[in-house]
$ cat work16.txt   # compact mmCIF, C-alpha atoms
# COMPACT_ATOMS: atom_id res chain seq x y z
CA MET F 1 -62.18 -44.55 44.72
CA LYS F 2 -62.84 -46.79 41.74
CA LEU F 3 -65.93 -46.15 39.63
CA LEU F 4 -68.35 -49.00 39.12
CA GLY F 5 -69.40 -49.86 35.60
CA ILE F 6 -72.83 -50.52 34.18
CA GLY F 7 -73.98 -53.96 35.30
CA SER F 8 -72.33 -53.78 38.72
CA ARG F 9 -74.43 -55.23 41.53
CA ILE F 10 -74.68 -53.43 44.85
CA ASN F 11 -76.47 -53.66 48.20
CA HIS F 12 -77.62 -50.24 49.45
CA PRO F 13 -78.55 -49.86 53.15
CA GLU F 14 -81.78 -47.98 52.31
CA TYR F 15 -82.86 -49.38 48.91
CA GLY F 16 -81.57 -52.95 49.06
CA LYS F 17 -80.01 -54.92 46.19
CA GLY F 18 -79.76 -53.38 42.74
CA VAL F 19 -77.88 -53.15 39.44
CA VAL F 20 -76.08 -50.05 38.11
CA THR F 21 -77.79 -49.08 34.84
CA ASN F 22 -76.08 -45.73 34.10
CA VAL F 23 -73.11 -43.76 35.39
CA SER F 24 -72.43 -40.02 35.29
CA SER F 25 -69.62 -37.98 36.77
CA GLN F 26 -71.52 -37.64 40.07
CA HIS F 27 -74.24 -40.32 40.21
CA TYR F 28 -75.11 -43.94 39.68
CA TRP F 29 -78.51 -44.81 38.30
CA VAL F 30 -79.40 -48.05 40.03
CA THR F 31 -82.40 -50.28 39.44
CA PHE F 32 -83.25 -51.84 42.78
CA LEU F 33 -85.20 -55.09 43.04
CA GLU F 34 -87.80 -53.71 45.46
CA ASN F 35 -87.57 -49.93 45.05
CA GLY F 36 -87.21 -49.42 41.29
CA LEU F 37 -84.89 -46.85 39.73
CA GLU F 38 -83.02 -44.53 42.09
CA THR F 39 -80.17 -42.08 41.59
CA ILE F 40 -77.48 -42.25 44.24
CA ALA F 41 -74.29 -40.25 44.67
CA ILE F 42 -71.11 -42.02 43.61
CA ASP F 43 -69.57 -41.49 47.05
CA SER F 44 -72.61 -42.73 49.03
CA GLU F 45 -72.32 -45.75 51.32
CA PHE F 46 -73.18 -49.15 49.82
CA GLU F 47 -71.74 -52.66 49.54
CA VAL F 48 -70.39 -53.81 46.18
CA ILE F 49 -71.64 -57.32 45.53
CA GLU F 50 -70.05 -57.63 42.09
CA GLY F 51 -68.16 -54.77 40.44
CA VAL F 52 -67.87 -54.33 36.69
CA SER F 53 -64.99 -52.10 35.64
CA ASP F 54 -65.43 -51.71 31.91
CA GLU F 55 -68.30 -49.83 30.24
CA VAL F 56 -67.81 -46.87 32.59
CA ASP F 57 -69.11 -43.64 31.12
CA THR F 58 -68.12 -40.91 33.55
CA VAL F 59 -69.94 -38.23 31.58
CA SER F 60 -73.54 -38.83 30.57
CA PHE F 61 -74.94 -37.96 27.15
CA PHE F 62 -77.09 -35.28 28.83
CA ASP F 63 -73.96 -33.64 30.31
CA VAL F 64 -72.22 -33.63 26.93
CA GLU F 65 -75.28 -32.26 25.14
CA SER F 66 -75.80 -29.53 27.76
CA SER F 67 -72.16 -28.49 27.50
CA LEU F 68 -72.26 -28.40 23.72
CA VAL F 69 -75.43 -26.29 23.64
CA SER F 70 -73.89 -23.89 26.14
CA ILE F 71 -70.68 -23.56 24.09
CA LEU F 72 -72.59 -23.01 20.85
CA LYS F 73 -74.77 -20.32 22.43
CA LYS F 74 -71.74 -18.56 23.85
CA TRP F 75 -69.42 -18.60 20.84
CA SER F 76 -71.49 -18.86 17.69
CA ASP F 77 -73.40 -16.16 15.91
CA THR F 78 -76.32 -18.41 15.11
CA THR F 79 -79.62 -16.96 16.08
CA GLU F 80 -82.00 -18.53 18.53
CA LYS F 81 -85.69 -18.75 17.78
CA VAL F 82 -87.17 -15.36 18.62
CA ALA F 83 -90.90 -14.83 18.18
CA ILE F 84 -92.38 -11.80 16.49
CA ALA F 85 -95.40 -10.26 18.26
CA ASP F 86 -98.63 -11.82 16.98
CA LYS F 87 -100.04 -8.52 15.71
CA TRP F 88 -97.13 -8.15 13.24
CA ARG F 89 -97.19 -11.73 11.92
CA GLY F 90 -97.78 -11.70 8.14
CA GLY F 91 -97.61 -7.90 7.96
CA LYS F 92 -95.46 -5.74 5.73
CA LEU F 93 -93.15 -2.81 6.23
CA VAL F 94 -93.69 0.11 3.86
CA LEU F 95 -91.04 2.82 3.40
CA GLU F 96 -92.56 5.81 1.68
CA PRO F 97 -90.11 8.42 0.32
CA GLY F 98 -90.89 12.13 0.60
CA ASP F 99 -90.79 12.71 -3.17
CA ASP F 100 -92.52 10.91 -6.03
CA LEU F 101 -90.29 7.81 -5.94
CA ALA F 102 -91.78 4.35 -5.50
CA ASN F 103 -92.44 2.88 -2.08
CA LYS F 104 -90.25 0.09 -0.76
CA GLU F 105 -92.17 -2.82 0.74
CA MET F 106 -90.91 -5.92 2.51
CA PRO F 107 -92.48 -8.59 4.71
CA ILE F 108 -92.19 -7.47 8.31
CA ASP F 109 -90.96 -10.99 9.21
CA THR F 110 -87.91 -10.39 6.98
CA PHE F 111 -87.22 -7.04 8.63
CA PHE F 112 -87.69 -8.57 12.10
CA HIS F 113 -85.25 -11.39 11.26
CA LYS F 114 -82.61 -8.79 10.30
CA ILE F 115 -83.16 -6.91 13.58
CA VAL F 116 -82.70 -10.17 15.52
CA MET F 117 -79.48 -10.90 13.58
CA VAL F 118 -78.15 -7.42 14.48
CA ARG F 119 -79.01 -8.02 18.13
CA ASP F 120 -77.31 -11.42 18.17
CA ARG F 121 -74.17 -10.14 16.47
CA ILE F 122 -73.92 -7.30 18.99
CA ARG F 123 -74.19 -9.90 21.76
CA VAL F 124 -71.37 -11.94 20.22
CA MET F 125 -69.24 -8.80 19.90
CA GLU F 126 -69.97 -8.04 23.56
CA GLN F 127 -68.85 -11.52 24.60
CA LYS F 128 -65.66 -11.24 22.56
CA ILE F 129 -64.86 -7.87 24.12
CA ASN F 130 -65.46 -9.19 27.64
CA SER F 131 -63.28 -12.26 27.08
CA SER F 132 -60.51 -10.42 25.24
CA LYS F 133 -57.01 -10.74 26.66
CA ASN F 134 -55.79 -7.76 24.59
CA LEU F 135 -58.02 -5.14 26.21
CA ASP F 136 -57.52 -3.79 29.71
CA ASP F 137 -60.47 -3.40 32.09
CA GLN F 138 -61.00 0.30 31.33
CA GLU F 139 -61.11 -0.33 27.58
CA LYS F 140 -63.66 -3.10 28.14
CA VAL F 141 -65.82 -0.75 30.24
CA ASP F 142 -65.60 1.97 27.57
CA LEU F 143 -66.60 -0.43 24.79
CA GLN F 144 -69.38 -1.88 26.95
CA GLN F 145 -70.83 1.62 27.36
CA TYR F 146 -70.96 2.02 23.58
CA ILE F 147 -72.73 -1.33 23.27
CA THR F 148 -75.25 -0.28 25.92
CA ARG F 149 -75.94 2.89 23.93
CA ILE F 150 -76.37 0.81 20.75
CA TYR F 151 -78.95 -1.33 22.55
CA GLY F 152 -80.66 1.88 23.71
CA SER F 153 -80.82 3.16 20.13
CA LEU F 154 -82.46 -0.09 19.04
CA THR F 155 -85.22 -0.08 21.71
CA THR F 156 -87.54 1.45 19.09
CA PHE F 157 -87.82 -2.02 17.58
CA ASN F 158 -88.93 -3.66 20.87
CA VAL F 159 -92.54 -3.33 19.70
CA LEU F 160 -91.83 -6.16 17.23
CA PHE F 161 -90.80 -8.72 19.88
CA LYS F 162 -93.39 -11.09 21.35
CA ASN F 163 -91.42 -11.75 24.54
CA LYS F 164 -90.09 -8.94 26.70
CA SER F 165 -87.00 -11.03 27.55
CA ASP F 166 -85.91 -10.84 23.87
CA GLN F 167 -86.10 -7.05 23.68
CA PHE F 168 -83.27 -4.53 23.56
CA VAL F 169 -82.32 -2.93 26.87
CA GLY F 170 -80.28 0.25 26.96
CA GLU F 171 -79.10 2.28 29.92
CA ARG F 172 -81.59 2.12 32.77
CA SER F 173 -82.37 5.27 34.72
CA LYS F 174 -81.79 5.03 38.45
$ encode --input "work16.txt" --output "structure tokens"
Amino acid sequence: MKLLGIGSRINHPEYGKGVVTNVSSQHYWVTFLENGLETIAIDSEFEVIEGVSDEVDTVSFFDVESSLVSILKKWSDTTEKVAIADKWRGGKLVLEPGDDLANKEMPIDTFFHKIVMVRDRIRVMEQKINSSKNLDDQEKVDLQQYITRIYGSLTTFNVLFKNKSDQFVGERSK
């Protein structure tokens, strides 16, 4: 099967005559004279009135962008936007020592950002363990159990997260 390029003219049994305006790996975007823009599968039945072979883009910009975002999320240690609970916004964290030393204060947003970075780096470590070719399955399970316990130890900080989906989850009781 030969892919049609942008500008190809077709006659579709349901939509009538139209011009291919975009091509992806699975679909043609066709502007039909009487039915407007429709997306049809590349392997659907239609008559080619005039085929254009150059200007074929078998992967759309959306497909490339989606793939790139997915790869970056999976393999980078950049943090996604995670919201702090509204009640903590603009607050401060105060560490007060037991003796007569000075208190340590910091914006709670700064502390929250560091907690999120720890969480994200643990996630990256987890992904690297799971995709490692040098560890056998039992070693991966053992390391995964340690990571689960780390998450469990960090659940104290869940109060800071606005969205429950961003929170730490440790071992769940059955």
$ residues_around --input "work16.txt" --residues "Tyr151 of chain F" --least-positions-apart "2" --cutoff "12 Å" --atoms "all atoms listed in the file" --output "VMD selection string"
chain F and resid 115 to 116 118 to 123 126 144 to 149 153 to 158 166 to 172
$ closest_residue --input "work16.txt" --among "F:Leu95, F:Ala102, F:Leu143, F:Leu160" --to "Met125 of chain F" --atoms "only C-alpha atoms"
F:Leu143
$ residues_around --input "work16.txt" --residues "Asn130 of chain F" --least-positions-apart "6" --cutoff "9 Å" --atoms "only C-alpha atoms" --output "list in words"
Asp137, Lys140, Val141 and Gln144 of chain F
$ closest_residue --input "work16.txt" --among "F:Leu4, F:Leu93, F:Val82, F:Ile49" --to "Ser25 of chain F" --atoms "only C-alpha atoms"
F:Leu4
$ closest_residue --input "work16.txt" --among "F:Leu101, F:Ile6, F:Val30, F:Ala83" --to "Lys162 of chain F" --atoms "only C-alpha atoms"
F:Ala83
$ closest_residue --input "work16.txt" --among "F:Lys133, F:Lys128, F:Lys2, F:Lys114" --to "Val52 of chain F" --atoms "only C-alpha atoms"
F:Lys2
$ atom_distance --input "work16.txt" --atom1 "atom CA of Gln26 of chain F" --atom2 "atom CA of Ile40 of chain F"
8.6 Å
$ atom_distance --input "work16.txt" --atom1 "atom CA of Gly7 of chain F" --atom2 "atom CA of Glu45 of chain F"
18.1 Å
$ atom_distance --input "work16.txt" --atom1 "atom CA of Gly5 of chain F" --atom2 "atom CA of Leu68 of chain F"
24.7 Å
$ axis_aligned_box --input "work16.txt" --around "segment 28-46 of chain F" --padding-each-side "6 Å" --output "AutoDock Vina command-line options"
--center_x -78.7 --center_y -47.7 --center_z 44.8 --size_x 30.2 --size_y 26.8 --size_z 25.0
$ residues_around --input "work16.txt" --residues "Gly36 of chain F" --least-positions-apart "2" --cutoff "12 Å" --atoms "all atoms listed in the file" --output "MDAnalysis selection string"
chainID F and resid 15:21 29:34 38:39
$ write_last_selection --input "work16.txt" --atoms "C-alpha atoms" --output "mmCIF file, in the frame of the given file"
data_model
loop_
_atom_site.group_PDB
_atom_site.id
_atom_site.type_symbol
_atom_site.label_atom_id
_atom_site.label_comp_id
_atom_site.auth_asym_id
_atom_site.auth_seq_id
_atom_site.Cartn_x
_atom_site.Cartn_y
_atom_site.Cartn_z
ATOM 1 C CA TYR F 15 -82.860 -49.380 48.910
ATOM 2 C CA GLY F 16 -81.570 -52.950 49.060
ATOM 3 C CA LYS F 17 -80.010 -54.920 46.190
ATOM 4 C CA GLY F 18 -79.760 -53.380 42.740
ATOM 5 C CA VAL F 19 -77.880 -53.150 39.440
ATOM 6 C CA VAL F 20 -76.080 -50.050 38.110
ATOM 7 C CA THR F 21 -77.790 -49.080 34.840
ATOM 8 C CA TRP F 29 -78.510 -44.810 38.300
ATOM 9 C CA VAL F 30 -79.400 -48.050 40.030
ATOM 10 C CA THR F 31 -82.400 -50.280 39.440
ATOM 11 C CA PHE F 32 -83.250 -51.840 42.780
ATOM 12 C CA LEU F 33 -85.200 -55.090 43.040
ATOM 13 C CA GLU F 34 -87.800 -53.710 45.460
ATOM 14 C CA GLU F 38 -83.020 -44.530 42.090
ATOM 15 C CA THR F 39 -80.170 -42.080 41.590
#
$ closest_residue --input "work16.txt" --among "F:Arg9, F:Lys104, F:Lys81, F:Arg89" --to "Glu50 of chain F" --atoms "all atoms listed in the file"
F:Arg9
$ closest_residue --input "work16.txt" --among "F:Asn11, F:Lys87, F:Phe161, F:Val94" --to "Phe112 of chain F" --atoms "all atoms listed in the file"
F:Phe161
$ decode --input "work16.txt" --residues "segment 29-40 of chain F" --atoms "all heavy atoms" --output "PDB file, in the first residue's frame"
ATOM      1  N   TRP F  29      -6.330  13.039   7.220  1.00  0.00           N
ATOM      2  CA  TRP F  29      -7.284  14.102   7.496  1.00  0.00           C
ATOM      3  C   TRP F  29      -7.679  14.618   6.124  1.00  0.00           C
ATOM      4  O   TRP F  29      -6.832  15.076   5.351  1.00  0.00           O
ATOM      5  CB  TRP F  29      -6.651  15.233   8.299  1.00  0.00           C
ATOM      6  CG  TRP F  29      -6.585  14.980   9.766  1.00  0.00           C
ATOM      7  CD1 TRP F  29      -7.429  15.462  10.712  1.00  0.00           C
ATOM      8  CD2 TRP F  29      -5.620  14.209  10.478  1.00  0.00           C
ATOM      9  NE1 TRP F  29      -7.047  15.036  11.962  1.00  0.00           N
ATOM     10  CE2 TRP F  29      -5.936  14.261  11.842  1.00  0.00           C
ATOM     11  CE3 TRP F  29      -4.511  13.453  10.089  1.00  0.00           C
ATOM     12  CZ2 TRP F  29      -5.200  13.610  12.809  1.00  0.00           C
ATOM     13  CZ3 TRP F  29      -3.776  12.793  11.055  1.00  0.00           C
ATOM     14  CH2 TRP F  29      -4.126  12.879  12.397  1.00  0.00           C
ATOM     15  N   VAL F  30      -8.958  14.533   5.830  1.00  0.00           N
ATOM     16  CA  VAL F  30      -9.435  14.887   4.494  1.00  0.00           C
ATOM     17  C   VAL F  30     -10.511  15.970   4.620  1.00  0.00           C
ATOM     18  O   VAL F  30     -11.434  15.847   5.426  1.00  0.00           O
ATOM     19  CB  VAL F  30     -10.019  13.651   3.763  1.00  0.00           C
ATOM     20  CG1 VAL F  30     -10.457  14.024   2.357  1.00  0.00           C
ATOM     21  CG2 VAL F  30      -9.008  12.511   3.730  1.00  0.00           C
ATOM     22  N   THR F  31     -10.358  17.014   3.831  1.00  0.00           N
ATOM     23  CA  THR F  31     -11.387  18.044   3.773  1.00  0.00           C
ATOM     24  C   THR F  31     -12.266  17.723   2.574  1.00  0.00           C
ATOM     25  O   THR F  31     -11.814  17.778   1.425  1.00  0.00           O
ATOM     26  CB  THR F  31     -10.761  19.447   3.632  1.00  0.00           C
ATOM     27  OG1 THR F  31      -9.884  19.668   4.731  1.00  0.00           O
ATOM     28  CG2 THR F  31     -11.833  20.521   3.614  1.00  0.00           C
ATOM     29  N   PHE F  32     -13.515  17.358   2.876  1.00  0.00           N
ATOM     30  CA  PHE F  32     -14.460  16.975   1.832  1.00  0.00           C
ATOM     31  C   PHE F  32     -15.281  18.193   1.424  1.00  0.00           C
ATOM     32  O   PHE F  32     -15.606  19.049   2.261  1.00  0.00           O
ATOM     33  CB  PHE F  32     -15.377  15.851   2.326  1.00  0.00           C
ATOM     34  CG  PHE F  32     -14.648  14.548   2.522  1.00  0.00           C
ATOM     35  CD1 PHE F  32     -14.201  14.163   3.779  1.00  0.00           C
ATOM     36  CD2 PHE F  32     -14.389  13.715   1.444  1.00  0.00           C
ATOM     37  CE1 PHE F  32     -13.531  12.975   3.956  1.00  0.00           C
ATOM     38  CE2 PHE F  32     -13.711  12.521   1.611  1.00  0.00           C
ATOM     39  CZ  PHE F  32     -13.277  12.145   2.866  1.00  0.00           C
ATOM     40  N   LEU F  33     -15.634  18.257   0.130  1.00  0.00           N
ATOM     41  CA  LEU F  33     -16.359  19.397  -0.410  1.00  0.00           C
ATOM     42  C   LEU F  33     -17.696  19.615   0.306  1.00  0.00           C
ATOM     43  O   LEU F  33     -18.063  20.744   0.619  1.00  0.00           O
ATOM     44  CB  LEU F  33     -16.606  19.219  -1.916  1.00  0.00           C
ATOM     45  CG  LEU F  33     -15.343  19.187  -2.788  1.00  0.00           C
ATOM     46  CD1 LEU F  33     -15.695  18.865  -4.240  1.00  0.00           C
ATOM     47  CD2 LEU F  33     -14.621  20.521  -2.699  1.00  0.00           C
ATOM     48  N   GLU F  34     -18.414  18.539   0.587  1.00  0.00           N
ATOM     49  CA  GLU F  34     -19.752  18.685   1.161  1.00  0.00           C
ATOM     50  C   GLU F  34     -19.829  18.317   2.639  1.00  0.00           C
ATOM     51  O   GLU F  34     -20.802  18.658   3.300  1.00  0.00           O
ATOM     52  CB  GLU F  34     -20.745  17.847   0.349  1.00  0.00           C
ATOM     53  CG  GLU F  34     -20.879  18.354  -1.077  1.00  0.00           C
ATOM     54  CD  GLU F  34     -21.937  17.614  -1.864  1.00  0.00           C
ATOM     55  OE1 GLU F  34     -22.822  17.002  -1.241  1.00  0.00           O
ATOM     56  OE2 GLU F  34     -21.863  17.658  -3.098  1.00  0.00           O
ATOM     57  N   ASN F  35     -18.845  17.640   3.166  1.00  0.00           N
ATOM     58  CA  ASN F  35     -18.931  17.157   4.551  1.00  0.00           C
ATOM     59  C   ASN F  35     -17.880  17.753   5.486  1.00  0.00           C
ATOM     60  O   ASN F  35     -17.803  17.378   6.648  1.00  0.00           O
ATOM     61  CB  ASN F  35     -18.826  15.628   4.579  1.00  0.00           C
ATOM     62  CG  ASN F  35     -20.043  14.978   3.981  1.00  0.00           C
ATOM     63  OD1 ASN F  35     -21.138  15.136   4.495  1.00  0.00           O
ATOM     64  ND2 ASN F  35     -19.866  14.280   2.873  1.00  0.00           N
ATOM     65  N   GLY F  36     -17.036  18.639   4.987  1.00  0.00           N
ATOM     66  CA  GLY F  36     -16.032  19.261   5.845  1.00  0.00           C
ATOM     67  C   GLY F  36     -14.897  18.313   6.181  1.00  0.00           C
ATOM     68  O   GLY F  36     -14.645  17.329   5.474  1.00  0.00           O
ATOM     69  N   LEU F  37     -14.217  18.585   7.275  1.00  0.00           N
ATOM     70  CA  LEU F  37     -13.038  17.812   7.678  1.00  0.00           C
ATOM     71  C   LEU F  37     -13.444  16.503   8.345  1.00  0.00           C
ATOM     72  O   LEU F  37     -14.255  16.489   9.267  1.00  0.00           O
ATOM     73  CB  LEU F  37     -12.180  18.641   8.639  1.00  0.00           C
ATOM     74  CG  LEU F  37     -10.885  17.993   9.103  1.00  0.00           C
ATOM     75  CD1 LEU F  37      -9.930  17.778   7.938  1.00  0.00           C
ATOM     76  CD2 LEU F  37     -10.217  18.859  10.165  1.00  0.00           C
ATOM     77  N   GLU F  38     -12.873  15.414   7.868  1.00  0.00           N
ATOM     78  CA  GLU F  38     -13.097  14.086   8.444  1.00  0.00           C
ATOM     79  C   GLU F  38     -11.755  13.374   8.553  1.00  0.00           C
ATOM     80  O   GLU F  38     -10.840  13.632   7.770  1.00  0.00           O
ATOM     81  CB  GLU F  38     -14.031  13.243   7.570  1.00  0.00           C
ATOM     82  CG  GLU F  38     -15.441  13.764   7.471  1.00  0.00           C
ATOM     83  CD  GLU F  38     -16.247  13.585   8.744  1.00  0.00           C
ATOM     84  OE1 GLU F  38     -15.874  12.738   9.581  1.00  0.00           O
ATOM     85  OE2 GLU F  38     -17.248  14.310   8.912  1.00  0.00           O
ATOM     86  N   THR F  39     -11.652  12.497   9.540  1.00  0.00           N
ATOM     87  CA  THR F  39     -10.469  11.653   9.696  1.00  0.00           C
ATOM     88  C   THR F  39     -10.856  10.254   9.259  1.00  0.00           C
ATOM     89  O   THR F  39     -11.837   9.698   9.758  1.00  0.00           O
ATOM     90  CB  THR F  39     -10.003  11.631  11.173  1.00  0.00           C
ATOM     91  OG1 THR F  39      -9.788  12.963  11.605  1.00  0.00           O
ATOM     92  CG2 THR F  39      -8.734  10.833  11.327  1.00  0.00           C
ATOM     93  N   ILE F  40     -10.102   9.699   8.334  1.00  0.00           N
ATOM     94  CA  ILE F  40     -10.393   8.346   7.861  1.00  0.00           C
ATOM     95  C   ILE F  40      -9.135   7.496   8.002  1.00  0.00           C
ATOM     96  O   ILE F  40      -8.017   7.990   7.922  1.00  0.00           O
ATOM     97  CB  ILE F  40     -10.906   8.336   6.402  1.00  0.00           C
ATOM     98  CG1 ILE F  40      -9.857   8.894   5.445  1.00  0.00           C
ATOM     99  CG2 ILE F  40     -12.216   9.101   6.273  1.00  0.00           C
ATOM    100  CD1 ILE F  40     -10.219   8.721   3.972  1.00  0.00           C
TER     101      ILE F  40
END
